[in-house]
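Undergrad: This is the content of work_7.pdb (PDB, C-alpha atoms, pLDDT in the B column):
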ATOM      1  CA  MET A   1      17.448 -14.184 -16.122  1.00 80.00           C
ATOM      2  CA  LEU A   2      13.939 -15.395 -15.325  1.00 83.00           C
ATOM      3  CA  GLY A   3      13.817 -17.215 -18.631  1.00 88.00           C
ATOM      4  CA  LEU A   4      10.825 -15.451 -20.156  1.00 85.00           C
ATOM      5  CA  PRO A   5      10.710 -15.344 -23.970  1.00 86.00           C
ATOM      6  CA  GLU A   6      12.103 -12.045 -25.242  1.00 86.00           C
ATOM      7  CA  GLU A   7       8.982 -11.329 -27.292  1.00 86.00           C
ATOM      8  CA  ASP A   8       6.969 -11.184 -24.033  1.00 84.00           C
ATOM      9  CA  HIS A   9       9.071  -8.498 -22.328  1.00 78.00           C
ATOM     10  CA  ASP A  10       7.077  -5.549 -23.691  1.00 82.00           C
ATOM     11  CA  ARG A  11       3.810  -7.277 -22.756  1.00 81.00           C
ATOM     12  CA  PHE A  12       4.955  -7.316 -19.161  1.00 74.00           C
ATOM     13  CA  LYS A  13       5.715  -3.608 -19.141  1.00 72.00           C
ATOM     14  CA  ASN A  14       2.297  -2.856 -20.628  1.00 77.00           C
ATOM     15  CA  TRP A  15       0.479  -5.069 -18.150  1.00 77.00           C
ATOM     16  CA  LEU A  16       2.213  -3.522 -15.128  1.00 70.00           C
ATOM     17  CA  GLY A  17       2.309   0.032 -16.488  1.00 66.00           C
ATOM     18  CA  GLY A  18      -0.900   0.934 -14.658  1.00 61.00           C
ATOM     19  CA  LEU A  19       0.862   0.571 -11.308  1.00 61.00           C
ATOM     20  CA  LYS A  20       2.935   3.696 -11.883  1.00 58.00           C
ATOM     21  CA  ASP A  21       0.540   5.803  -9.758  1.00 57.00           C
ATOM     22  CA  THR A  22      -0.209   3.860  -6.584  1.00 57.00           C
ATOM     23  CA  ALA A  23      -1.150   7.057  -4.749  1.00 56.00           C
ATOM     24  CA  ASN A  24      -4.289   7.233  -6.916  1.00 64.00           C
ATOM     25  CA  ILE A  25      -6.872   4.620  -5.942  1.00 71.00           C
ATOM     26  CA  GLY A  26      -8.570   4.983  -9.334  1.00 73.00           C
ATOM     27  CA  ALA A  27      -5.320   4.218 -11.135  1.00 69.00           C
ATOM     28  CA  VAL A  28      -4.745   1.184  -8.916  1.00 71.00           C
ATOM     29  CA  ILE A  29      -8.229  -0.160  -9.715  1.00 80.00           C
ATOM     30  CA  ARG A  30      -7.626   0.374 -13.434  1.00 80.00           C
ATOM     31  CA  ALA A  31      -4.365  -1.553 -13.132  1.00 77.00           C
ATOM     32  CA  VAL A  32      -6.077  -4.686 -11.755  1.00 84.00           C
ATOM     33  CA  PRO A  33      -6.760  -6.275 -15.194  1.00 85.00           C
ATOM     34  CA  GLY A  34      -3.066  -5.967 -16.062  1.00 82.00           C
ATOM     35  CA  VAL A  35      -2.020  -7.601 -12.799  1.00 82.00           C
ATOM     36  CA  ILE A  36      -4.517 -10.430 -13.408  1.00 88.00           C
ATOM     37  CA  SER A  37      -3.012 -10.917 -16.878  1.00 89.00           C
ATOM     38  CA  VAL A  38       0.472 -11.132 -15.366  1.00 84.00           C
ATOM     39  CA  VAL A  39      -0.602 -13.730 -12.802  1.00 88.00           C
ATOM     40  CA  ARG A  40      -2.341 -15.851 -15.453  1.00 90.00           C
ATOM     41  CA  TYR A  41       0.713 -15.634 -17.684  1.00 89.00           C
ATOM     42  CA  LEU A  42       3.070 -16.603 -14.860  1.00 87.00           C
ATOM     43  CA  ARG A  43       0.912 -19.584 -13.938  1.00 91.00           C
ATOM     44  CA  ARG A  44       1.167 -20.821 -17.506  1.00 91.00           C
ATOM     45  CA  VAL A  45       4.914 -20.315 -17.988  1.00 87.00           C
ATOM     46  CA  SER A  46       5.739 -21.777 -14.563  1.00 86.00           C
ATOM     47  CA  ARG A  47       4.337 -25.153 -15.644  1.00 89.00           C
ATOM     48  CA  PRO A  48       6.427 -27.667 -17.604  1.00 89.00           C
ATOM     49  CA  GLY A  49       6.079 -26.884 -21.303  1.00 89.00           C
ATOM     50  CA  GLY A  50       4.464 -23.528 -20.520  1.00 89.00           C
ATOM     51  CA  GLY A  51       7.007 -21.440 -22.397  1.00 88.00           C
ATOM     52  CA  ALA A  52       9.721 -20.611 -19.858  1.00 89.00           C
ATOM     53  CA  LEU A  53      13.229 -21.170 -21.210  1.00 90.00           C
ATOM     54  CA  PRO A  54      14.923 -24.260 -19.741  1.00 90.00           C
ATOM     55  CA  ASP A  55      18.045 -22.373 -18.638  1.00 90.00           C
ATOM     56  CA  GLY A  56      16.204 -19.586 -16.782  1.00 89.00           C
ATOM     57  CA  LEU A  57      15.462 -18.989 -13.127  1.00 87.00           C
ATOM     58  CA  ILE A  58      11.778 -19.968 -13.458  1.00 89.00           C
ATOM     59  CA  ALA A  59      12.700 -23.475 -14.607  1.00 90.00           C
ATOM     60  CA  ALA A  60      15.344 -23.744 -11.878  1.00 90.00           C
ATOM     61  CA  LEU A  61      12.858 -22.748  -9.168  1.00 88.00           C
ATOM     62  CA  ARG A  62      10.195 -25.089 -10.554  1.00 89.00           C
ATOM     63  CA  ASP A  63      12.575 -28.050 -10.467  1.00 87.00           C
ATOM     64  CA  ALA A  64      14.267 -27.198  -7.161  1.00 87.00           C
ATOM     65  CA  GLU A  65      13.669 -29.719  -4.392  1.00 85.00           C
ATOM     66  CA  THR A  66      14.645 -29.704  -0.719  1.00 83.00           C
ATOM     67  CA  ASP A  67      13.972 -32.702   1.517  1.00 84.00           C
ATOM     68  CA  GLY A  68      11.528 -34.006  -1.044  1.00 86.00           C
ATOM     69  CA  GLN A  69       9.506 -30.783  -1.151  1.00 88.00           C
ATOM     70  CA  LYS A  70       8.989 -28.428  -4.079  1.00 88.00           C
ATOM     71  CA  LEU A  71       7.432 -24.986  -4.378  1.00 87.00           C
ATOM     72  CA  SER A  72       3.697 -25.024  -4.961  1.00 90.00           C
ATOM     73  CA  GLU A  73       2.361 -23.200  -8.022  1.00 90.00           C
ATOM     74  CA  ASP A  74       1.116 -20.335  -5.844  1.00 90.00           C
ATOM     75  CA  GLU A  75       4.501 -20.053  -4.127  1.00 89.00           C
ATOM     76  CA  LEU A  76       6.333 -20.157  -7.447  1.00 88.00           C
ATOM     77  CA  VAL A  77       4.110 -17.510  -9.058  1.00 88.00           C
ATOM     78  CA  SER A  78       4.455 -15.251  -6.003  1.00 85.00           C
ATOM     79  CA  MET A  79       8.237 -15.575  -6.057  1.00 82.00           C
ATOM     80  CA  ILE A  80       8.451 -14.853  -9.790  1.00 81.00           C
ATOM     81  CA  PHE A  81       6.218 -11.792  -9.396  1.00 76.00           C
ATOM     82  CA  LEU A  82       8.399 -10.539  -6.541  1.00 74.00           C
ATOM     83  CA  LEU A  83      11.626 -11.160  -8.462  1.00 74.00           C
ATOM     84  CA  PHE A  84      10.302  -9.377 -11.519  1.00 69.00           C
ATOM     85  CA  GLY A  85       9.010  -6.365  -9.593  1.00 63.00           C
ATOM     86  CA  ALA A  86      11.934  -6.008  -7.200  1.00 62.00           C
ATOM     87  CA  GLY A  87      14.624  -6.900  -9.713  1.00 67.00           C
ATOM     88  CA  GLN A  88      13.390  -4.783 -12.593  1.00 72.00           C
ATOM     89  CA  GLU A  89      11.463  -1.760 -11.375  1.00 78.00           C
ATOM     90  CA  THR A  90      13.558  -0.571  -8.445  1.00 88.00           C
ATOM     91  CA  THR A  91      16.794  -0.979 -10.422  1.00 91.00           C
ATOM     92  CA  THR A  92      15.250   1.024 -13.268  1.00 91.00           C
ATOM     93  CA  HIS A  93      14.578   3.891 -10.860  1.00 93.00           C
ATOM     94  CA  LEU A  94      18.073   3.597  -9.374  1.00 96.00           C
ATOM     95  CA  ILE A  95      19.662   3.919 -12.827  1.00 97.00           C
ATOM     96  CA  SER A  96      17.469   6.811 -14.006  1.00 96.00           C
ATOM     97  CA  GLY A  97      17.701   8.619 -10.652  1.00 97.00           C
ATOM     98  CA  GLY A  98      21.454   8.078 -10.501  1.00 98.00           C
ATOM     99  CA  LEU A  99      21.888   9.425 -14.025  1.00 97.00           C
ATOM    100  CA  PHE A 100      19.785  12.457 -13.092  1.00 97.00           C
ATOM    101  CA  ALA A 101      22.005  13.041 -10.049  1.00 97.00           C
ATOM    102  CA  LEU A 102      25.157  12.834 -12.175  1.00 97.00           C
ATOM    103  CA  LEU A 103      23.783  15.162 -14.846  1.00 96.00           C
ATOM    104  CA  SER A 104      22.706  17.597 -12.118  1.00 95.00           C
ATOM    105  CA  HIS A 105      26.214  17.660 -10.615  1.00 97.00           C
ATOM    106  CA  GLU A 106      28.611  18.421 -13.449  1.00 95.00           C
ATOM    107  CA  ASP A 107      31.721  18.130 -11.284  1.00 97.00           C
ATOM    108  CA  GLN A 108      30.774  14.631 -10.153  1.00 98.00           C
ATOM    109  CA  ARG A 109      29.951  13.476 -13.678  1.00 97.00           C
ATOM    110  CA  ARG A 110      33.263  14.753 -15.038  1.00 96.00           C
ATOM    111  CA  ARG A 111      35.201  13.098 -12.245  1.00 97.00           C
ATOM    112  CA  LEU A 112      33.485   9.768 -12.846  1.00 98.00           C
ATOM    113  CA  GLN A 113      34.221   9.983 -16.561  1.00 96.00           C
ATOM    114  CA  SER A 114      37.902  10.552 -15.843  1.00 96.00           C
ATOM    115  CA  GLU A 115      38.075   7.959 -13.021  1.00 97.00           C
ATOM    116  CA  LEU A 116      35.847   4.991 -13.797  1.00 96.00           C
ATOM    117  CA  SER A 117      37.423   3.220 -10.824  1.00 97.00           C
ATOM    118  CA  LEU A 118      35.053   5.363  -8.732  1.00 98.00           C
ATOM    119  CA  MET A 119      32.014   3.530 -10.142  1.00 98.00           C
ATOM    120  CA  PRO A 120      31.496   1.279  -7.065  1.00 98.00           C
ATOM    121  CA  THR A 121      31.361   4.232  -4.664  1.00 98.00           C
ATOM    122  CA  CYS A 122      29.291   6.168  -7.210  1.00 98.00           C
ATOM    123  CA  VAL A 123      26.659   3.411  -7.248  1.00 98.00           C
ATOM    124  CA  GLU A 124      26.565   3.360  -3.434  1.00 98.00           C
ATOM    125  CA  GLU A 125      26.076   7.128  -3.377  1.00 98.00           C
ATOM    126  CA  CYS A 126      23.283   6.842  -5.973  1.00 98.00           C
ATOM    127  CA  LEU A 127      21.616   4.256  -3.754  1.00 98.00           C
ATOM    128  CA  ARG A 128      21.821   6.625  -0.787  1.00 98.00           C
ATOM    129  CA  TYR A 129      21.068   9.888  -2.571  1.00 98.00           C
ATOM    130  CA  VAL A 130      18.233   8.613  -4.780  1.00 97.00           C
ATOM    131  CA  SER A 131      16.795   6.084  -2.307  1.00 96.00           C
ATOM    132  CA  PRO A 132      14.535   4.489  -4.946  1.00 94.00           C
ATOM    133  CA  VAL A 133      12.777   2.512  -2.194  1.00 92.00           C
ATOM    134  CA  GLN A 134      11.694   5.247   0.193  1.00 94.00           C
ATOM    135  CA  MET A 135      10.182   3.269   3.053  1.00 93.00           C
ATOM    136  CA  THR A 136       9.764  -0.165   4.600  1.00 89.00           C
ATOM    137  CA  LYS A 137       6.647  -2.271   4.600  1.00 83.00           C
ATOM    138  CA  PRO A 138       4.325  -1.348   7.483  1.00 86.00           C
ATOM    139  CA  ARG A 139       4.737  -2.785  10.962  1.00 87.00           C
ATOM    140  CA  PHE A 140       2.101  -2.887  13.703  1.00 93.00           C
ATOM    141  CA  ALA A 141       2.422  -2.429  17.441  1.00 93.00           C
ATOM    142  CA  THR A 142       1.631  -5.678  19.248  1.00 94.00           C
ATOM    143  CA  ARG A 143       0.934  -3.870  22.537  1.00 96.00           C
ATOM    144  CA  ASP A 144       0.413  -0.407  23.998  1.00 96.00           C
ATOM    145  CA  MET A 145       3.796   1.266  24.254  1.00 94.00           C
ATOM    146  CA  VAL A 146       5.752   4.494  24.554  1.00 94.00           C
ATOM    147  CA  TRP A 147       8.445   5.017  21.918  1.00 86.00           C
ATOM    148  CA  GLN A 148      10.419   8.155  21.151  1.00 85.00           C
ATOM    149  CA  GLU A 149       8.399   9.903  23.875  1.00 91.00           C
ATOM    150  CA  ARG A 150       5.138   9.183  22.056  1.00 91.00           C
ATOM    151  CA  GLN A 151       2.273   6.956  23.129  1.00 95.00           C
ATOM    152  CA  PHE A 152       1.194   4.201  20.740  1.00 94.00           C
ATOM    153  CA  ARG A 153      -1.699   1.765  20.998  1.00 95.00           C
ATOM    154  CA  ARG A 154      -1.826  -1.865  20.019  1.00 96.00           C
ATOM    155  CA  GLY A 155      -2.511  -2.069  16.288  1.00 95.00           C
ATOM    156  CA  ASP A 156      -0.991   1.313  15.424  1.00 95.00           C
ATOM    157  CA  MET A 157       0.949   1.194  12.162  1.00 92.00           C
ATOM    158  CA  PHE A 158       4.621   2.127  11.745  1.00 88.00           C
ATOM    159  CA  ALA A 159       6.776   2.545   8.645  1.00 89.00           C
ATOM    160  CA  GLY A 160      10.507   3.156   8.606  1.00 90.00           C
ATOM    161  CA  PHE A 161      11.566   5.863   6.158  1.00 94.00           C
ATOM    162  CA  LEU A 162      14.763   4.646   4.525  1.00 95.00           C
ATOM    163  CA  ALA A 163      15.181   7.913   2.632  1.00 96.00           C
ATOM    164  CA  ALA A 164      15.246   9.826   5.918  1.00 96.00           C
ATOM    165  CA  ALA A 165      17.769   7.413   7.425  1.00 97.00           C
ATOM    166  CA  ASN A 166      19.945   7.863   4.338  1.00 98.00           C
ATOM    167  CA  CYS A 167      20.111  11.597   5.072  1.00 97.00           C
ATOM    168  CA  ASP A 168      20.770  11.264   8.801  1.00 97.00           C
ATOM    169  CA  PRO A 169      23.404  13.893   9.731  1.00 97.00           C
ATOM    170  CA  ALA A 170      24.493  11.659  12.616  1.00 96.00           C
ATOM    171  CA  LYS A 171      25.625   9.063  10.047  1.00 96.00           C
ATOM    172  CA  PHE A 172      26.526  11.139   6.983  1.00 98.00           C
ATOM    173  CA  GLU A 173      28.626  14.276   6.774  1.00 96.00           C
ATOM    174  CA  ASP A 174      26.801  16.923   4.721  1.00 97.00           C
ATOM    175  CA  PRO A 175      24.075  14.366   3.886  1.00 97.00           C
ATOM    176  CA  HIS A 176      22.341  16.431   1.190  1.00 97.00           C
ATOM    177  CA  ARG A 177      25.533  16.659  -0.884  1.00 97.00           C
ATOM    178  CA  PHE A 178      25.941  14.192  -3.760  1.00 98.00           C
ATOM    179  CA  ASP A 179      29.494  12.847  -3.461  1.00 98.00           C
ATOM    180  CA  ILE A 180      30.554   9.849  -5.550  1.00 98.00           C
ATOM    181  CA  THR A 181      33.667   9.388  -3.379  1.00 98.00           C
ATOM    182  CA  ARG A 182      31.704   9.122  -0.117  1.00 98.00           C
ATOM    183  CA  HIS A 183      33.187   6.402   2.106  1.00 96.00           C
ATOM    184  CA  PRO A 184      32.084   4.830   4.319  1.00 96.00           C
ATOM    185  CA  ASN A 185      28.504   4.912   3.104  1.00 98.00           C
ATOM    186  CA  PRO A 186      26.275   2.949   5.516  1.00 97.00           C
ATOM    187  CA  HIS A 187      23.026   3.608   3.644  1.00 97.00           C
ATOM    188  CA  LEU A 188      19.931   1.493   4.204  1.00 96.00           C
ATOM    189  CA  SER A 189      18.680   1.325   0.622  1.00 96.00           C
ATOM    190  CA  PHE A 190      18.907  -2.465   0.698  1.00 93.00           C
ATOM    191  CA  GLY A 191      17.448  -2.723   4.180  1.00 90.00           C
ATOM    192  CA  THR A 192      19.319  -4.432   6.993  1.00 87.00           C
ATOM    193  CA  GLY A 193      19.495  -7.613   9.018  1.00 85.00           C
ATOM    194  CA  ALA A 194      17.173 -10.472   8.090  1.00 77.00           C
ATOM    195  CA  HIS A 195      15.367  -8.214   5.616  1.00 77.00           C
ATOM    196  CA  PHE A 196      18.463  -7.270   3.601  1.00 84.00           C
ATOM    197  CA  CYS A 197      17.677  -7.317  -0.135  1.00 83.00           C
ATOM    198  CA  LEU A 198      18.576 -10.651  -1.733  1.00 75.00           C
ATOM    199  CA  GLY A 199      19.263  -8.971  -5.067  1.00 80.00           C
ATOM    200  CA  PHE A 200      21.720  -6.361  -3.798  1.00 88.00           C
ATOM    201  CA  GLN A 201      24.707  -7.556  -5.822  1.00 88.00           C
ATOM    202  CA  LEU A 202      22.658  -7.820  -9.018  1.00 85.00           C
ATOM    203  CA  ALA A 203      21.269  -4.298  -8.530  1.00 90.00           C
ATOM    204  CA  ARG A 204      24.771  -2.921  -7.980  1.00 95.00           C
ATOM    205  CA  ALA A 205      26.079  -4.652 -11.100  1.00 93.00           C
ATOM    206  CA  GLU A 206      23.143  -3.508 -13.254  1.00 92.00           C
ATOM    207  CA  ALA A 207      23.530   0.111 -12.143  1.00 96.00           C
ATOM    208  CA  ALA A 208      27.319   0.113 -12.621  1.00 97.00           C
ATOM    209  CA  ILE A 209      27.115  -1.411 -16.106  1.00 96.00           C
ATOM    210  CA  ALA A 210      24.288   0.884 -17.214  1.00 96.00           C
ATOM    211  CA  LEU A 211      25.907   4.101 -15.982  1.00 97.00           C
ATOM    212  CA  GLU A 212      29.304   3.184 -17.417  1.00 97.00           C
ATOM    213  CA  ARG A 213      27.820   2.332 -20.828  1.00 97.00           C
ATOM    214  CA  ILE A 214      25.708   5.507 -20.929  1.00 97.00           C
ATOM    215  CA  ILE A 215      28.481   7.957 -20.067  1.00 95.00           C
ATOM    216  CA  ALA A 216      30.873   6.175 -22.449  1.00 95.00           C
ATOM    217  CA  ARG A 217      28.384   6.199 -25.331  1.00 95.00           C
ATOM    218  CA  PHE A 218      27.181   9.764 -24.720  1.00 96.00           C
ATOM    219  CA  PRO A 219      30.025  11.659 -22.977  1.00 95.00           C
ATOM    220  CA  ASP A 220      28.440  15.049 -23.717  1.00 94.00           C
ATOM    221  CA  MET A 221      24.948  14.193 -22.492  1.00 95.00           C
ATOM    222  CA  ARG A 222      23.195  17.064 -20.712  1.00 94.00           C
ATOM    223  CA  LEU A 223      19.824  17.656 -19.120  1.00 94.00           C
ATOM    224  CA  ASP A 224      17.388  19.229 -21.550  1.00 92.00           C
ATOM    225  CA  ASN A 225      16.208  22.279 -19.626  1.00 82.00           C
ATOM    226  CA  ARG A 226      13.864  23.344 -22.417  1.00 78.00           C
ATOM    227  CA  THR A 227      11.192  20.902 -21.257  1.00 66.00           C
ATOM    228  CA  GLY A 228      10.571  22.558 -17.881  1.00 70.00           C
ATOM    229  CA  ASN A 229      10.680  20.948 -14.460  1.00 79.00           C
ATOM    230  CA  ILE A 230      11.622  17.322 -13.911  1.00 87.00           C
ATOM    231  CA  GLU A 231       8.522  15.308 -12.991  1.00 88.00           C
ATOM    232  CA  TRP A 232       8.410  12.468 -10.492  1.00 90.00           C
ATOM    233  CA  ARG A 233       5.816   9.710 -10.432  1.00 86.00           C
ATOM    234  CA  LYS A 234       3.247   9.690  -7.639  1.00 80.00           C
ATOM    235  CA  ARG A 235       4.226   6.354  -6.174  1.00 79.00           C
ATOM    236  CA  LEU A 236       3.802   5.674  -2.482  1.00 80.00           C
ATOM    237  CA  GLY A 237       7.140   4.477  -1.137  1.00 87.00           C
ATOM    238  CA  ILE A 238       8.966   4.654  -4.497  1.00 89.00           C
ATOM    239  CA  ARG A 239      11.033   7.541  -5.890  1.00 92.00           C
ATOM    240  CA  ALA A 240      10.701   7.279  -9.648  1.00 92.00           C
ATOM    241  CA  LEU A 241      11.180   9.727 -12.483  1.00 94.00           C
ATOM    242  CA  ALA A 242       8.238  10.074 -14.852  1.00 90.00           C
ATOM    243  CA  GLN A 243      10.736  10.915 -17.590  1.00 91.00           C
ATOM    244  CA  LEU A 244      14.276  12.275 -17.953  1.00 93.00           C
ATOM    245  CA  PRO A 245      14.643  14.670 -20.916  1.00 93.00           C
ATOM    246  CA  VAL A 246      18.270  14.856 -22.074  1.00 94.00           C
ATOM    247  CA  ARG A 247      20.325  16.194 -24.965  1.00 93.00           C
ATOM    248  CA  LEU A 248      22.859  13.635 -26.166  1.00 91.00           C
ATOM    249  CA  VAL A 249      25.334  16.249 -27.424  1.00 81.00           C
ATOM    250  CA  ALA A 250      26.338  19.606 -25.983  1.00 60.00           C
TER     251      ALA A 250
END
Render the structure in this file as structure tokens.

TA:
Amino acid sequence: MLGLPEEDHDRFKNWLGGLKDTANIGAVIRAVPGVISVVRYLRRVSRPGGGALPDGLIAALRDAETDGQKLSEDELVSMIFLLFGAGQETTTHLISGGLFALLSHEDQRRRLQSELSLMPTCVEECLRYVSPVQMTKPRFATRDMVWQERQFRRGDMFAGFLAAANCDPAKFEDPHRFDITRHPNPHLSFGTGAHFCLGFQLARAEAAIALERIIARFPDMRLDNRTGNIEWRKRLGIRALAQLPVRLVA
């Protein structure tokens, strides 16, 4: 969709692979060269003749004009980086986490296989149950204040935990139960208000298509329990599987 040449896709994954452990400051420092490579690459492809495909989103953003103004190179590179990170990584974790949830709940997987019309509510439940984005960006108190019976000082940092809100018993009946028929499902995985995720429909479509194709291609897929415990990546604010061992046939 961005319009990057297909032969560059793996390069991107390699460059950004070091960011898989943001809870480790050493790993973050080691990832800096990869991030620099990504930024340099995006600067090049965002320029006319730089390699971006003419029918992709990069070219469209580069040529877009409103009231005689266009995006600067810095603005364009920042937007591309955001679109790539938000549109690729979080959806990856939604699909893998959703598949793990289905394989961990045999009754739900079987029902989805027999009633594919439940896919839309299944995707919403995966968004709530997995909560691939666990928390909001930080906010800071602009003044001394009392909130929730606690005293806060100006400059204190806050972060809203979306995963906790998605398990709020005041909003969800039996919130720790994975139920692909859950409706209504007022989860906050896409945020809310002015900060609602711009890519929400794309993420829903990607997850629905991926899950439908996987369960159709491998109807007898099971978790491979021989490999031990499922491991999760140490990512601050992101719930991401390190790997998902499966057996494709019973």

Undergrad: Enclose all atoms of segment 178-194 of chain A listed in the file in an axis-aligned box, grow every side by 4 Å, and hand back centre and edge lengths in Å to one decimal, as JSON.

TA:
{"center_x": 25.4, "center_y": 1.9, "center_z": 1.7, "size_x": 24.5, "size_y": 32.7, "size_z": 22.6}

Undergrad: My list of candidates is A:Trp15, A:Tyr129, A:Leu103, A:Leu53. Which is closest to Ser37 of chain A when distances are computed with all atoms listed in the file?

TA: A:Trp15

Undergrad: Return as a ChimeraX atom specification the set of residues that the PyMOL selection byres ((chain A and resi 178) around 8) yields on the displayed structure.

TA: /A:101,105,125,129,175-177,179-180

Undergrad: Evaluated on this file, the PyMOL selection byres ((chain A and resi 160) around 6) picks out some residues - which ones are they, written as a list in words?

TA: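 Against this file, the PyMOL selection byres ((chain A and resi 160) around 6) returns the residues Met135, Thr136, Ala159 and Phe161 of chain A.
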
Undergrad: The PyMOL selection byres ((chain A and resi 183) around 10) on the file shown: which residues, as a VMD selection string?

TA: chain A and resid 121 124 to 125 172 179 to 182 184 to 186

Undergrad: Which is closest to Gln201 of chain A among A:Leu71, A:Ala52, A:Ala60, A:Val123, if we use all atoms listed in the file?

TA: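 Comparing A:Leu71, A:Ala52, A:Ala60, A:Val123 against Gln201 of chain A, the winner is A:Val123.
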
Undergrad: Determine the nearest neighbour of Arg40 of chain A from the options A:Thr90, A:Gln243, A:Gln134, A:Ser78, counting only C-alpha atoms.

TA: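 So, comparing all the options, the nearest one is A:Ser78.
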
Undergrad: To one decimal in Å, tell me the separation between atom CA of Leu61 of chain A and atom CA of Ala203 of chain A.

TA: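 These two atoms are separated by 20.3 Å.
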
Undergrad: Would you compute the distance between atom CA of Gly56 of chain A and atom CA of Lys13 of chain A? Give it in Å to one decimal.

TA: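 A separation of 19.3 Å between them.
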
Undergrad: Using only C-alpha atoms, which of the listed residues (A:Ser96, A:Asn14, A:Gln113, A:Gln151) sits closest to Ala240 of chain A?

TA: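 Using only C-alpha atoms, the shortest distance to Ala240 of chain A belongs to A:Ser96.
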
Undergrad: Rounded to one decimal in Å, what is the spacing between atom CA of Ile209 of chain A and atom CA of Glu231 of chain A?

TA: 25.2 Å

Undergrad: As a PDB file with C-alpha atoms, in the coordinates of the input, please: the residues near segment 138-146 of chain A (cut-off 10 Å, only C-alpha atoms, same-chain neighbours under 4 positions excluded).

TA:
ATOM      1  CA  ARG A 150       5.138   9.183  22.056  1.00 91.00           C
ATOM      2  CA  GLN A 151       2.273   6.956  23.129  1.00 95.00           C
ATOM      3  CA  PHE A 152       1.194   4.201  20.740  1.00 94.00           C
ATOM      4  CA  ARG A 153      -1.699   1.765  20.998  1.00 95.00           C
ATOM      5  CA  ARG A 154      -1.826  -1.865  20.019  1.00 96.00           C
ATOM      6  CA  GLY A 155      -2.511  -2.069  16.288  1.00 95.00           C
ATOM      7  CA  ASP A 156      -0.991   1.313  15.424  1.00 95.00           C
ATOM      8  CA  MET A 157       0.949   1.194  12.162  1.00 92.00           C
ATOM      9  CA  PHE A 158       4.621   2.127  11.745  1.00 88.00           C
ATOM     10  CA  ALA A 159       6.776   2.545   8.645  1.00 89.00           C
ATOM     11  CA  GLY A 160      10.507   3.156   8.606  1.00 90.00           C
TER      12      GLY A 160
END

Undergrad: Please write as a PyMOL selection string the list of polymer residues whose atoms come within 9 Å of (30.4, 15.0, -18.3), counting all atoms listed in the file and keeping to the coordinates of the file.

TA: chain A and resi 102-103+106-113+215+218-222

Undergrad: Taking only C-alpha atoms into account, name the residue in A:Val249, A:Leu4, A:Leu162, A:Glu173 that is nearest to Val45 of chain A.

TA: A:Leu4

Undergrad: When you count only C-alpha atoms, which of these residues is closest to Arg226 of chain A: A:Leu99, A:Cys167, A:Val246, A:Val77?

TA: A:Val246

Undergrad: Within 10 Å of Pro245 of chain A, counting only C-alpha atoms, which residues show up once you throw out same-chain ones fewer than 5 positions away? Write them as a PDB file with C-alpha atoms, in the coordinates of the input, please.

TA:
ATOM      1  CA  PHE A 100      19.785  12.457 -13.092  1.00 97.00           C
ATOM      2  CA  ARG A 222      23.195  17.064 -20.712  1.00 94.00           C
ATOM      3  CA  LEU A 223      19.824  17.656 -19.120  1.00 94.00           C
ATOM      4  CA  ASP A 224      17.388  19.229 -21.550  1.00 92.00           C
ATOM      5  CA  ASN A 225      16.208  22.279 -19.626  1.00 82.00           C
ATOM      6  CA  ARG A 226      13.864  23.344 -22.417  1.00 78.00           C
ATOM      7  CA  THR A 227      11.192  20.902 -21.257  1.00 66.00           C
ATOM      8  CA  GLY A 228      10.571  22.558 -17.881  1.00 70.00           C
ATOM      9  CA  ASN A 229      10.680  20.948 -14.460  1.00 79.00           C
ATOM     10  CA  ILE A 230      11.622  17.322 -13.911  1.00 87.00           C
TER      11      ILE A 230
END

Undergrad: Give as a list in words each residue that has an atom at most 12 Å from (5.1, -24.1, -18.3) in the file, counting only C-alpha atoms.

TA: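 Residues found, by chain and rising number: Gly3, Leu4, Pro5, Arg40, Tyr41, Leu42, Arg43, Arg44, Val45, Ser46, Arg47, Pro48, Gly49, Gly50, Gly51, Ala52, Leu53, Pro54, Ile58, Ala59, Arg62, Asp63, Glu73, Leu76 and Val77 of chain A.
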